[in-house]
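Have a look at start05.cif; it's mmCIF, N, CA, C and O atoms:
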data_upload
#
loop_
_atom_site.label_atom_id
_atom_site.label_comp_id
_atom_site.auth_asym_id
_atom_site.auth_seq_id
_atom_site.Cartn_x
_atom_site.Cartn_y
_atom_site.Cartn_z
N MET A 150 -4.67 -16.37 1.71
CA MET A 150 -4.72 -15.61 0.49
C MET A 150 -4.32 -14.15 0.75
O MET A 150 -3.55 -13.58 -0.02
N ILE A 151 -4.85 -13.54 1.80
CA ILE A 151 -4.50 -12.15 2.13
C ILE A 151 -3.01 -12.04 2.44
O ILE A 151 -2.34 -11.13 1.97
N HIS A 152 -2.51 -12.99 3.21
CA HIS A 152 -1.08 -12.97 3.57
C HIS A 152 -0.22 -13.07 2.31
O HIS A 152 0.78 -12.35 2.18
N ASP A 153 -0.61 -13.93 1.38
CA ASP A 153 0.14 -14.07 0.13
C ASP A 153 0.12 -12.78 -0.67
O ASP A 153 1.14 -12.38 -1.25
N TYR A 154 -1.04 -12.14 -0.71
CA TYR A 154 -1.16 -10.88 -1.45
C TYR A 154 -0.31 -9.79 -0.79
O TYR A 154 0.37 -9.03 -1.48
N GLU A 155 -0.34 -9.74 0.52
CA GLU A 155 0.49 -8.78 1.25
C GLU A 155 1.96 -8.99 0.90
O GLU A 155 2.68 -8.04 0.58
N GLN A 156 2.39 -10.25 0.94
CA GLN A 156 3.79 -10.55 0.63
C GLN A 156 4.14 -10.19 -0.81
O GLN A 156 5.24 -9.71 -1.09
N LYS A 157 3.20 -10.41 -1.73
CA LYS A 157 3.42 -10.05 -3.14
C LYS A 157 3.63 -8.54 -3.28
O LYS A 157 4.56 -8.10 -3.96
N LEU A 158 2.77 -7.74 -2.64
CA LEU A 158 2.90 -6.29 -2.71
C LEU A 158 4.21 -5.81 -2.10
O LEU A 158 4.91 -4.98 -2.69
N LEU A 159 4.56 -6.35 -0.94
CA LEU A 159 5.80 -5.96 -0.28
C LEU A 159 7.01 -6.36 -1.12
O LEU A 159 8.00 -5.61 -1.20
N GLN A 160 6.93 -7.52 -1.77
CA GLN A 160 8.03 -7.98 -2.62
C GLN A 160 8.18 -7.08 -3.85
O GLN A 160 9.29 -6.76 -4.27
N LEU A 161 7.04 -6.64 -4.41
CA LEU A 161 7.10 -5.71 -5.54
C LEU A 161 7.80 -4.41 -5.15
O LEU A 161 8.61 -3.87 -5.92
N ILE A 162 7.51 -3.93 -3.96
CA ILE A 162 8.19 -2.72 -3.47
C ILE A 162 9.68 -3.00 -3.33
O ILE A 162 10.51 -2.21 -3.79
N ASP A 163 10.02 -4.13 -2.71
CA ASP A 163 11.43 -4.47 -2.50
C ASP A 163 12.18 -4.67 -3.81
O ASP A 163 13.34 -4.28 -3.94
N ASP A 164 11.51 -5.28 -4.78
CA ASP A 164 12.15 -5.56 -6.07
C ASP A 164 12.51 -4.29 -6.83
O ASP A 164 13.39 -4.32 -7.69
N ASN A 165 11.85 -3.21 -6.52
CA ASN A 165 12.10 -1.95 -7.23
C ASN A 165 13.09 -1.03 -6.53
O ASN A 165 13.37 0.06 -7.02
N ILE A 166 13.61 -1.45 -5.40
CA ILE A 166 14.49 -0.58 -4.61
C ILE A 166 15.70 -0.11 -5.41
O ILE A 166 16.05 1.07 -5.38
N ASP A 167 16.33 -1.00 -6.15
CA ASP A 167 17.56 -0.64 -6.87
C ASP A 167 17.32 0.37 -7.98
O ASP A 167 18.21 1.17 -8.29
N SER A 168 16.13 0.35 -8.58
CA SER A 168 15.87 1.24 -9.71
C SER A 168 14.87 2.36 -9.38
O SER A 168 14.57 3.19 -10.23
N ALA A 169 14.40 2.39 -8.16
CA ALA A 169 13.36 3.36 -7.78
C ALA A 169 13.93 4.77 -7.65
O ALA A 169 15.08 4.97 -7.27
N THR A 170 13.07 5.72 -7.98
CA THR A 170 13.41 7.13 -7.74
C THR A 170 13.26 7.42 -6.25
O THR A 170 12.70 6.61 -5.51
N ASP A 171 13.73 8.58 -5.82
CA ASP A 171 13.56 8.97 -4.43
C ASP A 171 12.07 9.02 -4.05
O ASP A 171 11.69 8.61 -2.96
N ASP A 172 11.26 9.52 -4.97
CA ASP A 172 9.81 9.58 -4.71
C ASP A 172 9.21 8.19 -4.56
O ASP A 172 8.38 7.96 -3.68
N GLU A 173 9.63 7.26 -5.41
CA GLU A 173 9.13 5.88 -5.31
C GLU A 173 9.60 5.20 -4.03
O GLU A 173 8.85 4.44 -3.42
N LEU A 174 10.82 5.48 -3.62
CA LEU A 174 11.31 4.92 -2.35
C LEU A 174 10.49 5.44 -1.18
O LEU A 174 10.12 4.68 -0.28
N PHE A 175 10.21 6.74 -1.19
CA PHE A 175 9.39 7.32 -0.14
C PHE A 175 7.99 6.69 -0.14
O PHE A 175 7.50 6.26 0.91
N ALA A 176 7.36 6.65 -1.31
CA ALA A 176 6.00 6.12 -1.41
C ALA A 176 5.96 4.65 -1.01
O ALA A 176 5.05 4.23 -0.28
N GLY A 177 6.92 3.88 -1.45
CA GLY A 177 6.96 2.46 -1.10
C GLY A 177 7.14 2.24 0.39
O GLY A 177 6.46 1.41 0.99
N GLY A 178 8.03 3.00 0.99
CA GLY A 178 8.23 2.89 2.43
C GLY A 178 6.99 3.27 3.20
O GLY A 178 6.62 2.62 4.19
N TYR A 179 6.33 4.32 2.76
CA TYR A 179 5.11 4.77 3.42
C TYR A 179 4.00 3.73 3.26
O TYR A 179 3.26 3.45 4.21
N LEU A 180 3.89 3.16 2.08
CA LEU A 180 2.83 2.18 1.82
C LEU A 180 2.99 0.88 2.59
O LEU A 180 1.99 0.23 2.91
N ARG A 181 4.22 0.49 2.85
CA ARG A 181 4.46 -0.79 3.53
C ARG A 181 3.62 -0.91 4.81
O ARG A 181 3.01 -1.92 5.07
N GLY A 182 3.63 0.13 5.60
CA GLY A 182 2.88 0.09 6.85
C GLY A 182 1.39 -0.01 6.63
O GLY A 182 0.70 -0.77 7.33
N HIS A 183 0.87 0.70 5.65
CA HIS A 183 -0.56 0.67 5.37
C HIS A 183 -0.98 -0.70 4.81
O HIS A 183 -2.05 -1.20 5.14
N ILE A 184 -0.13 -1.28 3.99
CA ILE A 184 -0.42 -2.62 3.45
C ILE A 184 -0.44 -3.65 4.56
O ILE A 184 -1.38 -4.45 4.66
N SER A 185 0.56 -3.63 5.42
CA SER A 185 0.63 -4.61 6.52
C SER A 185 -0.52 -4.43 7.50
O SER A 185 -1.08 -5.40 8.00
N LEU A 186 -0.87 -3.18 7.78
CA LEU A 186 -1.98 -2.91 8.68
C LEU A 186 -3.30 -3.42 8.09
O LEU A 186 -4.09 -4.06 8.78
N ALA A 187 -3.51 -3.19 6.81
CA ALA A 187 -4.73 -3.66 6.16
C ALA A 187 -4.79 -5.18 6.14
O ALA A 187 -5.85 -5.78 6.38
N ALA A 188 -3.66 -5.83 5.88
CA ALA A 188 -3.62 -7.29 5.87
C ALA A 188 -3.93 -7.86 7.25
O ALA A 188 -4.70 -8.81 7.38
N ALA A 189 -3.33 -7.26 8.28
CA ALA A 189 -3.59 -7.73 9.64
C ALA A 189 -5.05 -7.54 10.02
O ALA A 189 -5.67 -8.42 10.64
N ASP A 190 -5.62 -6.41 9.63
CA ASP A 190 -7.03 -6.14 9.92
C ASP A 190 -7.92 -7.16 9.21
O ASP A 190 -8.88 -7.66 9.79
N CYS A 191 -7.60 -7.47 7.97
CA CYS A 191 -8.38 -8.47 7.23
C CYS A 191 -8.31 -9.83 7.91
O CYS A 191 -9.33 -10.52 8.05
N GLU A 192 -7.13 -10.21 8.33
CA GLU A 192 -6.96 -11.51 8.99
C GLU A 192 -7.75 -11.56 10.30
O GLU A 192 -8.38 -12.57 10.61
N LEU A 193 -7.72 -10.48 11.05
CA LEU A 193 -8.48 -10.44 12.31
C LEU A 193 -9.98 -10.55 12.07
O LEU A 193 -10.70 -11.14 12.87
N GLN A 194 -10.45 -9.97 10.97
CA GLN A 194 -11.87 -9.98 10.66
C GLN A 194 -12.30 -11.18 9.81
O GLN A 194 -13.46 -11.31 9.46
N GLY A 195 -11.35 -12.04 9.46
CA GLY A 195 -11.67 -13.21 8.65
C GLY A 195 -11.96 -12.87 7.19
O GLY A 195 -12.62 -13.63 6.49
N ILE A 196 -11.47 -11.74 6.72
CA ILE A 196 -11.68 -11.32 5.34
C ILE A 196 -10.63 -11.99 4.46
O ILE A 196 -9.43 -11.93 4.75
N THR A 197 -11.09 -12.61 3.38
CA THR A 197 -10.17 -13.28 2.46
C THR A 197 -10.20 -12.68 1.06
O THR A 197 -9.47 -13.12 0.18
N ASP A 198 -11.03 -11.69 0.85
CA ASP A 198 -11.20 -11.07 -0.46
C ASP A 198 -10.14 -9.98 -0.67
O ASP A 198 -10.06 -9.02 0.11
N ILE A 199 -9.35 -10.12 -1.72
CA ILE A 199 -8.28 -9.18 -2.01
C ILE A 199 -8.82 -7.78 -2.30
O ILE A 199 -8.22 -6.78 -1.90
N VAL A 200 -9.98 -7.70 -2.95
CA VAL A 200 -10.57 -6.40 -3.25
C VAL A 200 -10.88 -5.65 -1.95
O VAL A 200 -10.66 -4.44 -1.85
N GLN A 201 -11.36 -6.37 -0.94
CA GLN A 201 -11.64 -5.74 0.35
C GLN A 201 -10.34 -5.26 1.01
O GLN A 201 -10.32 -4.20 1.63
N MET A 202 -9.28 -6.02 0.84
CA MET A 202 -8.00 -5.58 1.40
C MET A 202 -7.52 -4.32 0.68
O MET A 202 -7.05 -3.37 1.32
N GLN A 203 -7.66 -4.29 -0.63
CA GLN A 203 -7.28 -3.11 -1.39
C GLN A 203 -8.07 -1.88 -0.92
O GLN A 203 -7.53 -0.80 -0.79
N GLN A 204 -9.35 -2.09 -0.66
CA GLN A 204 -10.18 -1.00 -0.17
C GLN A 204 -9.71 -0.52 1.20
O GLN A 204 -9.74 0.67 1.49
N LYS A 205 -9.29 -1.46 2.04
CA LYS A 205 -8.77 -1.09 3.36
C LYS A 205 -7.49 -0.26 3.23
O LYS A 205 -7.29 0.68 3.99
N VAL A 206 -6.64 -0.63 2.30
CA VAL A 206 -5.42 0.16 2.08
C VAL A 206 -5.79 1.56 1.63
O VAL A 206 -5.27 2.55 2.16
N LYS A 207 -6.69 1.66 0.67
CA LYS A 207 -7.11 2.97 0.16
C LYS A 207 -7.73 3.82 1.26
O LYS A 207 -7.46 5.01 1.38
N GLN A 208 -8.57 3.19 2.11
CA GLN A 208 -9.20 3.93 3.20
C GLN A 208 -8.16 4.37 4.23
O GLN A 208 -8.22 5.48 4.76
N SER A 209 -7.20 3.50 4.50
CA SER A 209 -6.14 3.84 5.44
C SER A 209 -5.35 5.04 4.93
O SER A 209 -5.00 5.95 5.71
N LEU A 210 -5.07 5.07 3.63
CA LEU A 210 -4.37 6.20 3.05
C LEU A 210 -5.20 7.48 3.14
O LEU A 210 -4.67 8.55 3.46
N LEU A 211 -6.49 7.36 2.87
CA LEU A 211 -7.36 8.53 2.99
C LEU A 211 -7.40 9.06 4.43
O LEU A 211 -7.37 10.26 4.66
N ASP A 212 -7.46 8.12 5.38
CA ASP A 212 -7.50 8.51 6.79
C ASP A 212 -6.21 9.22 7.22
O ASP A 212 -6.23 10.04 8.14
N ALA A 213 -5.11 8.89 6.55
CA ALA A 213 -3.81 9.47 6.92
C ALA A 213 -3.41 10.62 6.01
O ALA A 213 -2.28 11.12 6.10
N LYS A 214 -4.31 11.05 5.17
CA LYS A 214 -4.00 12.08 4.17
C LYS A 214 -3.40 13.34 4.79
O LYS A 214 -2.49 13.94 4.24
N SER A 215 -3.88 13.71 5.96
CA SER A 215 -3.40 14.95 6.59
C SER A 215 -1.96 14.83 7.09
O SER A 215 -1.34 15.84 7.41
N GLU A 216 -1.41 13.62 7.14
CA GLU A 216 -0.02 13.43 7.58
C GLU A 216 0.97 13.88 6.52
O GLU A 216 2.14 14.12 6.83
N LEU A 217 0.52 13.95 5.27
CA LEU A 217 1.42 14.22 4.15
C LEU A 217 1.09 15.56 3.48
O LEU A 217 -0.05 16.01 3.54
N SER A 218 2.07 16.11 2.84
CA SER A 218 1.81 17.28 2.01
C SER A 218 0.98 16.82 0.82
O SER A 218 0.98 15.63 0.48
N PRO A 219 0.26 17.72 0.18
CA PRO A 219 -0.55 17.32 -0.98
C PRO A 219 0.27 16.62 -2.07
O PRO A 219 -0.18 15.62 -2.65
N SER A 220 1.48 17.09 -2.32
CA SER A 220 2.29 16.46 -3.37
C SER A 220 2.77 15.07 -2.95
O SER A 220 2.79 14.14 -3.77
N ASP A 221 3.14 14.91 -1.68
CA ASP A 221 3.54 13.59 -1.20
C ASP A 221 2.37 12.62 -1.21
O ASP A 221 2.52 11.45 -1.56
N TRP A 222 1.19 13.11 -0.82
CA TRP A 222 0.01 12.25 -0.82
C TRP A 222 -0.29 11.78 -2.24
O TRP A 222 -0.63 10.62 -2.46
N GLN A 223 -0.14 12.67 -3.20
CA GLN A 223 -0.38 12.31 -4.60
C GLN A 223 0.62 11.24 -5.05
O GLN A 223 0.24 10.30 -5.75
N LEU A 224 1.88 11.38 -4.65
CA LEU A 224 2.89 10.37 -4.99
C LEU A 224 2.51 9.01 -4.42
O LEU A 224 2.61 7.98 -5.11
N VAL A 225 2.09 8.99 -3.18
CA VAL A 225 1.72 7.74 -2.52
C VAL A 225 0.49 7.12 -3.21
O VAL A 225 0.45 5.92 -3.46
N GLN A 226 -0.48 7.95 -3.53
CA GLN A 226 -1.69 7.46 -4.22
C GLN A 226 -1.34 6.85 -5.57
O GLN A 226 -1.82 5.77 -5.91
N GLN A 227 -0.51 7.53 -6.34
CA GLN A 227 -0.13 7.03 -7.66
C GLN A 227 0.66 5.73 -7.55
O GLN A 227 0.43 4.80 -8.32
N TYR A 228 1.57 5.66 -6.60
CA TYR A 228 2.35 4.44 -6.41
C TYR A 228 1.46 3.30 -5.95
O TYR A 228 1.60 2.18 -6.41
N SER A 229 0.53 3.59 -5.07
CA SER A 229 -0.40 2.58 -4.59
C SER A 229 -1.25 2.04 -5.74
O SER A 229 -1.42 0.82 -5.87
N ASP A 230 -1.77 2.93 -6.57
CA ASP A 230 -2.58 2.51 -7.71
C ASP A 230 -1.76 1.64 -8.67
O ASP A 230 -2.26 0.62 -9.16
N LYS A 231 -0.54 2.03 -8.92
CA LYS A 231 0.35 1.27 -9.80
C LYS A 231 0.65 -0.11 -9.20
O LYS A 231 0.61 -1.12 -9.91
N LEU A 232 0.90 -0.14 -7.92
CA LEU A 232 1.27 -1.38 -7.23
C LEU A 232 0.12 -2.38 -7.21
O LEU A 232 0.33 -3.57 -7.42
N MET A 233 -1.08 -1.90 -6.99
CA MET A 233 -2.23 -2.80 -6.84
C MET A 233 -3.00 -3.04 -8.13
O MET A 233 -4.04 -3.68 -8.12
N ALA A 234 -2.46 -2.53 -9.24
CA ALA A 234 -3.14 -2.72 -10.53
C ALA A 234 -3.03 -4.15 -11.01
O ALA A 234 -2.14 -4.88 -10.71
#

Structure translated into structure tokens:
Amino acid sequence: MIHDYEQKLLQLIDDNIDSATDDELFAGGYLRGHISLAAADCELQGITDIVQMQQKVKQSLLDAKSELSPSDWQLVQQYSDKLMA
């Protein structure tokens, strides 16, 4: 289930490449790694709940907040919220 959800999120990012803005391309590319990392972590821990995976993605983004400028972090947060809605 987690693997399927990961693939769904990554496919949504890929499906928007042709029409995405530069900001959306940046946010999608940045999110891919956090999504895959959260999915792998869930699988290692035997977590099958999608809500827990979403929480792991959000926590991963919070942990990496200092890597981005405030405006870039906001873009990634908004794209993440839109993607996982």

Margin query: Quick check, in Å to one decimal: how far apart do atom N of A:Leu211 and atom CA of A:Val225 lie?
Written below: 9.8 Å

Check: Using only C-alpha atoms, which of A:Ala213, A:Ile184, A:Val200, A:Ala169 sits nearest A:Glu155?
Finding: A:Ile184

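Proximity to A:Glu173 was assessed for A:Met233, A:Gln208, A:Ser218, A:Gln226 counting only C-alpha atoms; the smallest distance is recorded for A:Gln226.
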
Notebook entry, point to check: Which of these residues is nearest to A:Ile196, using only N, CA, C and O atoms: A:Gln223, A:Asp164, A:Ile151, A:Asp230?
Noted result: A:Ile151

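When atom N of A:Leu158 is paired with atom C of A:Leu232, their separation reads 7.5 Å.
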
Note to self: Starting from the PyMOL selection byres (((chain A and resi 154 and name CA) around 12) and name CA), expand the selection into actual residues of this file and give them as a list in words.
What the structure shows: Met150, Ile151, His152, Asp153, Glu155, Gln156, Lys157, Leu158, Leu159, Gln160, Leu161, Ile184, Ser185, Ala187, Ala188, Ala189, Cys191, Glu192, Thr197, Asp198, Ile199, Val200, Gln201, Met202, Gln203, Leu232 and Met233 of chain A

Margin query: Would you compute the distance between atom CA of A:Phe175 and atom CA of A:Asp190? Give it in Å to one decimal.
Written below: 23.5 Å

Next item on the list: Run DSSP on the backbone and grab whatever in stretch 187-228 of chain A lands in alpha helix (DSSP H); send it over as JSON, numbers by chain.
Entry: {"A": [187, 188, 189, 190, 191, 192, 193, 194, 199, 200, 201, 202, 203, 204, 205, 206, 207, 208, 209, 210, 211, 212, 219, 220, 221, 222, 223, 224, 225, 226, 227, 228]}

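Proximity ranking of A:Leu193, A:Ser209, A:Ala176, A:Asp171 relative to A:Leu224 places A:Ala176 first, based on all atoms listed in the file.
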
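Compared by their closest atoms to A:Leu210, and using only N, CA, C and O atoms, the residues A:Tyr228, A:Ala234, A:Trp222, A:Asp163 rank with A:Trp222 nearest.
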
Completed stretch 177-188 of chain A (all heavy atoms) as a PDB file, in the frame of the given file:
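Produced file part-v4.pdb, reproduced below:
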ATOM      1  N   GLY A 177       6.920   3.880  -1.450  1.00  0.00           N
ATOM      2  CA  GLY A 177       6.960   2.460  -1.100  1.00  0.00           C
ATOM      3  C   GLY A 177       7.140   2.240   0.390  1.00  0.00           C
ATOM      4  O   GLY A 177       6.460   1.410   0.990  1.00  0.00           O
ATOM      5  N   GLY A 178       8.030   3.000   0.990  1.00  0.00           N
ATOM      6  CA  GLY A 178       8.230   2.890   2.430  1.00  0.00           C
ATOM      7  C   GLY A 178       6.990   3.270   3.200  1.00  0.00           C
ATOM      8  O   GLY A 178       6.620   2.620   4.190  1.00  0.00           O
ATOM      9  N   TYR A 179       6.330   4.320   2.760  1.00  0.00           N
ATOM     10  CA  TYR A 179       5.110   4.770   3.420  1.00  0.00           C
ATOM     11  C   TYR A 179       4.000   3.730   3.260  1.00  0.00           C
ATOM     12  O   TYR A 179       3.260   3.450   4.210  1.00  0.00           O
ATOM     13  CB  TYR A 179       4.684   6.119   2.834  1.00  0.00           C
ATOM     14  CG  TYR A 179       3.562   6.772   3.593  1.00  0.00           C
ATOM     15  CD1 TYR A 179       3.818   7.490   4.754  1.00  0.00           C
ATOM     16  CD2 TYR A 179       2.241   6.656   3.171  1.00  0.00           C
ATOM     17  CE1 TYR A 179       2.797   8.089   5.474  1.00  0.00           C
ATOM     18  CE2 TYR A 179       1.211   7.258   3.872  1.00  0.00           C
ATOM     19  CZ  TYR A 179       1.499   7.966   5.020  1.00  0.00           C
ATOM     20  OH  TYR A 179       0.471   8.550   5.736  1.00  0.00           O
ATOM     21  N   LEU A 180       3.890   3.160   2.080  1.00  0.00           N
ATOM     22  CA  LEU A 180       2.830   2.180   1.820  1.00  0.00           C
ATOM     23  C   LEU A 180       2.990   0.880   2.590  1.00  0.00           C
ATOM     24  O   LEU A 180       1.990   0.230   2.910  1.00  0.00           O
ATOM     25  CB  LEU A 180       2.788   1.857   0.319  1.00  0.00           C
ATOM     26  CG  LEU A 180       1.990   2.790  -0.546  1.00  0.00           C
ATOM     27  CD1 LEU A 180       2.220   2.469  -2.015  1.00  0.00           C
ATOM     28  CD2 LEU A 180       0.520   2.679  -0.220  1.00  0.00           C
ATOM     29  N   ARG A 181       4.220   0.490   2.850  1.00  0.00           N
ATOM     30  CA  ARG A 181       4.460  -0.790   3.530  1.00  0.00           C
ATOM     31  C   ARG A 181       3.620  -0.910   4.810  1.00  0.00           C
ATOM     32  O   ARG A 181       3.010  -1.920   5.070  1.00  0.00           O
ATOM     33  CB  ARG A 181       5.947  -0.955   3.859  1.00  0.00           C
ATOM     34  CG  ARG A 181       6.826  -1.195   2.662  1.00  0.00           C
ATOM     35  CD  ARG A 181       8.283  -1.390   3.084  1.00  0.00           C
ATOM     36  NE  ARG A 181       8.464  -2.690   3.712  1.00  0.00           N
ATOM     37  CZ  ARG A 181       8.638  -3.829   3.045  1.00  0.00           C
ATOM     38  NH1 ARG A 181       8.667  -3.818   1.734  1.00  0.00           N
ATOM     39  NH2 ARG A 181       8.788  -4.957   3.686  1.00  0.00           N
ATOM     40  N   GLY A 182       3.630   0.130   5.600  1.00  0.00           N
ATOM     41  CA  GLY A 182       2.880   0.090   6.850  1.00  0.00           C
ATOM     42  C   GLY A 182       1.390  -0.010   6.630  1.00  0.00           C
ATOM     43  O   GLY A 182       0.700  -0.770   7.330  1.00  0.00           O
ATOM     44  N   HIS A 183       0.870   0.700   5.650  1.00  0.00           N
ATOM     45  CA  HIS A 183      -0.560   0.670   5.370  1.00  0.00           C
ATOM     46  C   HIS A 183      -0.980  -0.700   4.810  1.00  0.00           C
ATOM     47  O   HIS A 183      -2.050  -1.200   5.140  1.00  0.00           O
ATOM     48  CB  HIS A 183      -0.935   1.788   4.394  1.00  0.00           C
ATOM     49  CG  HIS A 183      -0.859   3.143   5.021  1.00  0.00           C
ATOM     50  ND1 HIS A 183      -1.904   3.703   5.718  1.00  0.00           N
ATOM     51  CD2 HIS A 183       0.162   4.036   5.083  1.00  0.00           C
ATOM     52  CE1 HIS A 183      -1.548   4.891   6.173  1.00  0.00           C
ATOM     53  NE2 HIS A 183      -0.295   5.117   5.798  1.00  0.00           N
ATOM     54  N   ILE A 184      -0.130  -1.280   3.990  1.00  0.00           N
ATOM     55  CA  ILE A 184      -0.420  -2.620   3.450  1.00  0.00           C
ATOM     56  C   ILE A 184      -0.440  -3.650   4.560  1.00  0.00           C
ATOM     57  O   ILE A 184      -1.380  -4.450   4.660  1.00  0.00           O
ATOM     58  CB  ILE A 184       0.626  -2.988   2.369  1.00  0.00           C
ATOM     59  CG1 ILE A 184       0.430  -2.107   1.126  1.00  0.00           C
ATOM     60  CG2 ILE A 184       0.543  -4.468   2.011  1.00  0.00           C
ATOM     61  CD1 ILE A 184       1.579  -2.174   0.129  1.00  0.00           C
ATOM     62  N   SER A 185       0.560  -3.630   5.420  1.00  0.00           N
ATOM     63  CA  SER A 185       0.630  -4.610   6.520  1.00  0.00           C
ATOM     64  C   SER A 185      -0.520  -4.430   7.500  1.00  0.00           C
ATOM     65  O   SER A 185      -1.080  -5.400   8.000  1.00  0.00           O
ATOM     66  CB  SER A 185       1.973  -4.516   7.235  1.00  0.00           C
ATOM     67  OG  SER A 185       3.004  -4.920   6.358  1.00  0.00           O
ATOM     68  N   LEU A 186      -0.870  -3.180   7.780  1.00  0.00           N
ATOM     69  CA  LEU A 186      -1.980  -2.910   8.680  1.00  0.00           C
ATOM     70  C   LEU A 186      -3.300  -3.420   8.090  1.00  0.00           C
ATOM     71  O   LEU A 186      -4.090  -4.060   8.780  1.00  0.00           O
ATOM     72  CB  LEU A 186      -2.082  -1.410   8.948  1.00  0.00           C
ATOM     73  CG  LEU A 186      -3.174  -0.954   9.909  1.00  0.00           C
ATOM     74  CD1 LEU A 186      -2.951  -1.539  11.298  1.00  0.00           C
ATOM     75  CD2 LEU A 186      -3.206   0.560   9.981  1.00  0.00           C
ATOM     76  N   ALA A 187      -3.510  -3.190   6.810  1.00  0.00           N
ATOM     77  CA  ALA A 187      -4.730  -3.660   6.160  1.00  0.00           C
ATOM     78  C   ALA A 187      -4.790  -5.180   6.140  1.00  0.00           C
ATOM     79  O   ALA A 187      -5.850  -5.780   6.380  1.00  0.00           O
ATOM     80  CB  ALA A 187      -4.816  -3.112   4.736  1.00  0.00           C
ATOM     81  N   ALA A 188      -3.660  -5.830   5.880  1.00  0.00           N
ATOM     82  CA  ALA A 188      -3.620  -7.290   5.870  1.00  0.00           C
ATOM     83  C   ALA A 188      -3.930  -7.860   7.250  1.00  0.00           C
ATOM     84  O   ALA A 188      -4.700  -8.810   7.380  1.00  0.00           O
ATOM     85  CB  ALA A 188      -2.262  -7.776   5.375  1.00  0.00           C
TER      86      ALA A 188
END
